[in-house]
Structures are given as C-alpha cells and as structure tokens.
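As provided, upload_6.pdb (PDB, C-alpha atoms) reads as follows.
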ATOM      1  CA  MET C   1     -13.853   4.288 -27.998  1.00  0.00           C
ATOM      2  CA  THR C   2     -10.331   5.685 -27.757  1.00  0.00           C
ATOM      3  CA  LEU C   3     -11.322   8.010 -24.927  1.00  0.00           C
ATOM      4  CA  ASN C   4     -12.599   5.095 -22.830  1.00  0.00           C
ATOM      5  CA  ARG C   5      -9.418   3.132 -23.542  1.00  0.00           C
ATOM      6  CA  ASN C   6      -7.293   6.108 -22.453  1.00  0.00           C
ATOM      7  CA  LYS C   7      -9.299   6.513 -19.233  1.00  0.00           C
ATOM      8  CA  ARG C   8      -8.935   2.808 -18.527  1.00  0.00           C
ATOM      9  CA  GLY C   9      -5.206   2.967 -19.135  1.00  0.00           C
ATOM     10  CA  LEU C  10      -4.845   5.910 -16.757  1.00  0.00           C
ATOM     11  CA  LYS C  11      -6.813   4.069 -14.070  1.00  0.00           C
ATOM     12  CA  ILE C  12      -4.579   1.025 -14.434  1.00  0.00           C
ATOM     13  CA  ILE C  13      -1.412   3.123 -14.204  1.00  0.00           C
ATOM     14  CA  GLY C  14      -2.848   4.965 -11.207  1.00  0.00           C
ATOM     15  CA  LEU C  15      -3.605   1.727  -9.381  1.00  0.00           C
ATOM     16  CA  TYR C  16      -0.098   0.420 -10.039  1.00  0.00           C
ATOM     17  CA  ILE C  17       1.350   3.672  -8.679  1.00  0.00           C
ATOM     18  CA  ILE C  18      -0.826   3.426  -5.548  1.00  0.00           C
ATOM     19  CA  SER C  19       0.345  -0.155  -5.075  1.00  0.00           C
ATOM     20  CA  LEU C  20       4.001   0.788  -5.391  1.00  0.00           C
ATOM     21  CA  VAL C  21       3.556   3.746  -3.016  1.00  0.00           C
ATOM     22  CA  CYS C  22       2.003   1.455  -0.393  1.00  0.00           C
ATOM     23  CA  ILE C  23       4.883  -1.007  -0.691  1.00  0.00           C
ATOM     24  CA  PHE C  24       7.420   1.858  -0.583  1.00  0.00           C
ATOM     25  CA  PHE C  25       5.884   3.250   2.620  1.00  0.00           C
ATOM     26  CA  TYR C  26       5.948  -0.229   4.164  1.00  0.00           C
ATOM     27  CA  PHE C  27       9.680  -0.523   3.536  1.00  0.00           C
ATOM     28  CA  LEU C  28      10.203   3.043   4.724  1.00  0.00           C
ATOM     29  CA  MET C  29       8.416   2.294   7.997  1.00  0.00           C
ATOM     30  CA  GLU C  30      10.297  -0.990   8.335  1.00  0.00           C
ATOM     31  CA  HIS C  31      13.694   0.683   8.211  1.00  0.00           C
ATOM     32  CA  TYR C  32      12.965   3.911  10.114  1.00  0.00           C
ATOM     33  CA  ASN C  33      11.228   4.058  13.514  1.00  0.00           C
ATOM     34  CA  VAL C  34       9.603   7.454  12.998  1.00  0.00           C
ATOM     35  CA  ILE C  35       6.230   6.533  14.484  1.00  0.00           C
ATOM     36  CA  PHE C  36       7.788   4.827  17.495  1.00  0.00           C
ATOM     37  CA  VAL C  37       9.915   7.902  18.301  1.00  0.00           C
ATOM     38  CA  LEU C  38       6.937  10.238  17.926  1.00  0.00           C
ATOM     39  CA  PHE C  39       4.735   8.162  20.244  1.00  0.00           C
ATOM     40  CA  GLU C  40       7.479   7.900  22.877  1.00  0.00           C
ATOM     41  CA  LYS C  41       7.732  11.694  23.036  1.00  0.00           C
ATOM     42  CA  TRP C  42       3.959  12.129  23.313  1.00  0.00           C
ATOM     43  CA  ASP C  43       3.120  12.653  27.005  1.00  0.00           C
ATOM     44  CA  LEU C  44      -0.612  11.891  26.740  1.00  0.00           C
ATOM     45  CA  ASN C  45       0.011   8.254  25.847  1.00  0.00           C
ATOM     46  CA  PRO C  46       0.309   6.194  29.083  1.00  0.00           C
ATOM     47  CA  ASP C  47       0.827   2.797  27.420  1.00  0.00           C
ATOM     48  CA  GLY C  48       3.239   4.171  24.867  1.00  0.00           C
ATOM     49  CA  LYS C  49       5.169   1.097  23.845  1.00  0.00           C
ATOM     50  CA  PHE C  50       2.318  -1.390  23.478  1.00  0.00           C
ATOM     51  CA  THR C  51       0.003   1.026  21.676  1.00  0.00           C
ATOM     52  CA  THR C  52       2.802   2.144  19.418  1.00  0.00           C
ATOM     53  CA  LEU C  53       3.791  -1.384  18.488  1.00  0.00           C
ATOM     54  CA  VAL C  54       0.196  -2.400  17.754  1.00  0.00           C
ATOM     55  CA  PHE C  55      -0.510   0.736  15.713  1.00  0.00           C
ATOM     56  CA  THR C  56       2.752   0.518  13.787  1.00  0.00           C
ATOM     57  CA  GLY C  57       2.357  -3.194  13.097  1.00  0.00           C
ATOM     58  CA  LEU C  58      -1.189  -2.852  11.837  1.00  0.00           C
ATOM     59  CA  LEU C  59      -0.290   0.115   9.667  1.00  0.00           C
ATOM     60  CA  GLN C  60       2.836  -1.511   8.248  1.00  0.00           C
ATOM     61  CA  TYR C  61       1.323  -4.840   7.380  1.00  0.00           C
ATOM     62  CA  GLY C  62      -1.872  -3.181   6.185  1.00  0.00           C
ATOM     63  CA  LEU C  63       0.172  -1.171   3.696  1.00  0.00           C
ATOM     64  CA  LEU C  64       2.030  -4.289   2.602  1.00  0.00           C
ATOM     65  CA  VAL C  65      -1.130  -6.356   2.120  1.00  0.00           C
ATOM     66  CA  VAL C  66      -2.935  -3.574   0.240  1.00  0.00           C
ATOM     67  CA  GLY C  67       0.062  -2.947  -2.003  1.00  0.00           C
ATOM     68  CA  ILE C  68       0.608  -6.602  -2.865  1.00  0.00           C
ATOM     69  CA  CYS C  69      -3.120  -7.314  -3.353  1.00  0.00           C
ATOM     70  CA  ILE C  70      -3.647  -4.392  -5.726  1.00  0.00           C
ATOM     71  CA  PHE C  71      -0.551  -5.315  -7.726  1.00  0.00           C
ATOM     72  CA  SER C  72      -1.342  -9.026  -7.986  1.00  0.00           C
ATOM     73  CA  MET C  73      -5.073  -8.666  -8.671  1.00  0.00           C
ATOM     74  CA  LEU C  74      -4.521  -6.036 -11.353  1.00  0.00           C
ATOM     75  CA  SER C  75      -1.815  -8.132 -13.011  1.00  0.00           C
ATOM     76  CA  PHE C  76      -4.058 -11.221 -12.897  1.00  0.00           C
ATOM     77  CA  ILE C  77      -6.971  -9.349 -14.492  1.00  0.00           C
ATOM     78  CA  LEU C  78      -4.786  -7.901 -17.255  1.00  0.00           C
ATOM     79  CA  VAL C  79      -3.192 -11.266 -18.059  1.00  0.00           C
ATOM     80  CA  ARG C  80      -6.602 -12.978 -18.110  1.00  0.00           C
ATOM     81  CA  GLU C  81      -7.987 -10.355 -20.507  1.00  0.00           C
ATOM     82  CA  LYS C  82      -4.958 -10.727 -22.754  1.00  0.00           C
ATOM     83  CA  ILE C  83      -5.394 -14.511 -22.887  1.00  0.00           C
ATOM     84  CA  LYS C  84      -9.137 -14.221 -23.625  1.00  0.00           C
ATOM     85  CA  SER C  85      -8.563 -11.745 -26.459  1.00  0.00           C
ATOM     86  CA  GLU C  86      -6.185 -14.141 -28.251  1.00  0.00           C
TER      87      GLU C  86
END

Serialized structure, structure tokens:
Amino acid sequence: MTLNRNKRGLKIIGLYIISLVCIFFYFLMEHYNVIFVLFEKWDLNPDGKFTTLVFTGLLQYGLLVVGICIFSMLSFILVREKIKSE
C-alpha cells in the first residue's frame, strides 16, 4: 500500500516538473530568438522567415498549452480527490 502511494506521489511530482519545464521553455523562447537566428543562417531553407515563424509559433504555444493543461488538470484531479475523501 505504501509503495503504491510513493509511486503515485513520484508520478505527480514528475508531471508537475514536466509542466513547469514546458512553461519555462515557452518563456525562454519568448524572450530569446534562438530558433529564428538558427533558421536564418541555414542556407537550405528558401522560405526562411515564414517557415521559421510558423515553426516557432507552433512550438512556443504548444509548450504553453501543454504546460498549463498538465498543471491545471493535475491540480483539479488532486483537489477533487481531496474533497471526496473528506
């Protein structure tokens, strides 16, 4: 019983860490144009600016949505379980 509870606790902590890492990388990409600079220097990319903006936008907002969804869904599930147990 305690072993399952410990595994569950580690999974919850791991999911929160993944969520925070996704949100951190979103803010990192928002403030630094690393991907845009790399794609501009790449000679094989003929439509450099459009492709870069689309790729960067999808990646950034994908990270933000995944991070916020994991965080909010996990918090909702934990709060609901706490209310049911009382």

Residues returned when the PyMOL selection byres ((chain C and resi 12) around 12) runs on this file, as a tab-separated table (two decimals) with C-alpha atoms, in the coordinates of the input:
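Contents of the output file result.tsv:
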chain	number	residue	atom	x	y	z
C	5	ARG	CA	-9.42	3.13	-23.54
C	6	ASN	CA	-7.29	6.11	-22.45
C	7	LYS	CA	-9.30	6.51	-19.23
C	8	ARG	CA	-8.94	2.81	-18.53
C	9	GLY	CA	-5.21	2.97	-19.14
C	10	LEU	CA	-4.84	5.91	-16.76
C	11	LYS	CA	-6.81	4.07	-14.07
C	13	ILE	CA	-1.41	3.12	-14.20
C	14	GLY	CA	-2.85	4.96	-11.21
C	15	LEU	CA	-3.60	1.73	-9.38
C	16	TYR	CA	-0.10	0.42	-10.04
C	17	ILE	CA	1.35	3.67	-8.68
C	18	ILE	CA	-0.83	3.43	-5.55
C	19	SER	CA	0.34	-0.16	-5.08
C	70	ILE	CA	-3.65	-4.39	-5.73
C	71	PHE	CA	-0.55	-5.32	-7.73
C	73	MET	CA	-5.07	-8.67	-8.67
C	74	LEU	CA	-4.52	-6.04	-11.35
C	75	SER	CA	-1.82	-8.13	-13.01
C	77	ILE	CA	-6.97	-9.35	-14.49
C	78	LEU	CA	-4.79	-7.90	-17.26

If you take every atom of range 61-70 of chain C that the file lists and fit an axis-aligned box around them with 5 Å extra on each side, what centre and edge lengths come out in Å to one decimal, as JSON?
{"center_x": -0.8, "center_y": -4.2, "center_z": 0.8, "size_x": 15.7, "size_y": 16.1, "size_z": 23.1}

Report task. In Å, rounded to a single decimal, give me how far CA of Phe55 in chain C is from CA of Glu30 in chain C. Result -> 13.2 Å

Report summary line: Between C:Leu20, C:Glu86, C:Asn4, C:Phe25, smallest distance to Tyr61 in chain C by all atoms listed in the file belongs to C:Phe25

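Take CA of Lys82 in chain C and CA of Val65 in chain C: the distance between them is 25.5 Å.
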
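Pairwise distance (CA of Phe50 in chain C, CA of Cys69 in chain C) equals 28.0 Å.
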
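Each of C:Ile83, C:Ser72, C:Lys41, C:Gly67 was compared to Val21 in chain C using all atoms listed in the file, and C:Gly67 turns out to be the nearest.
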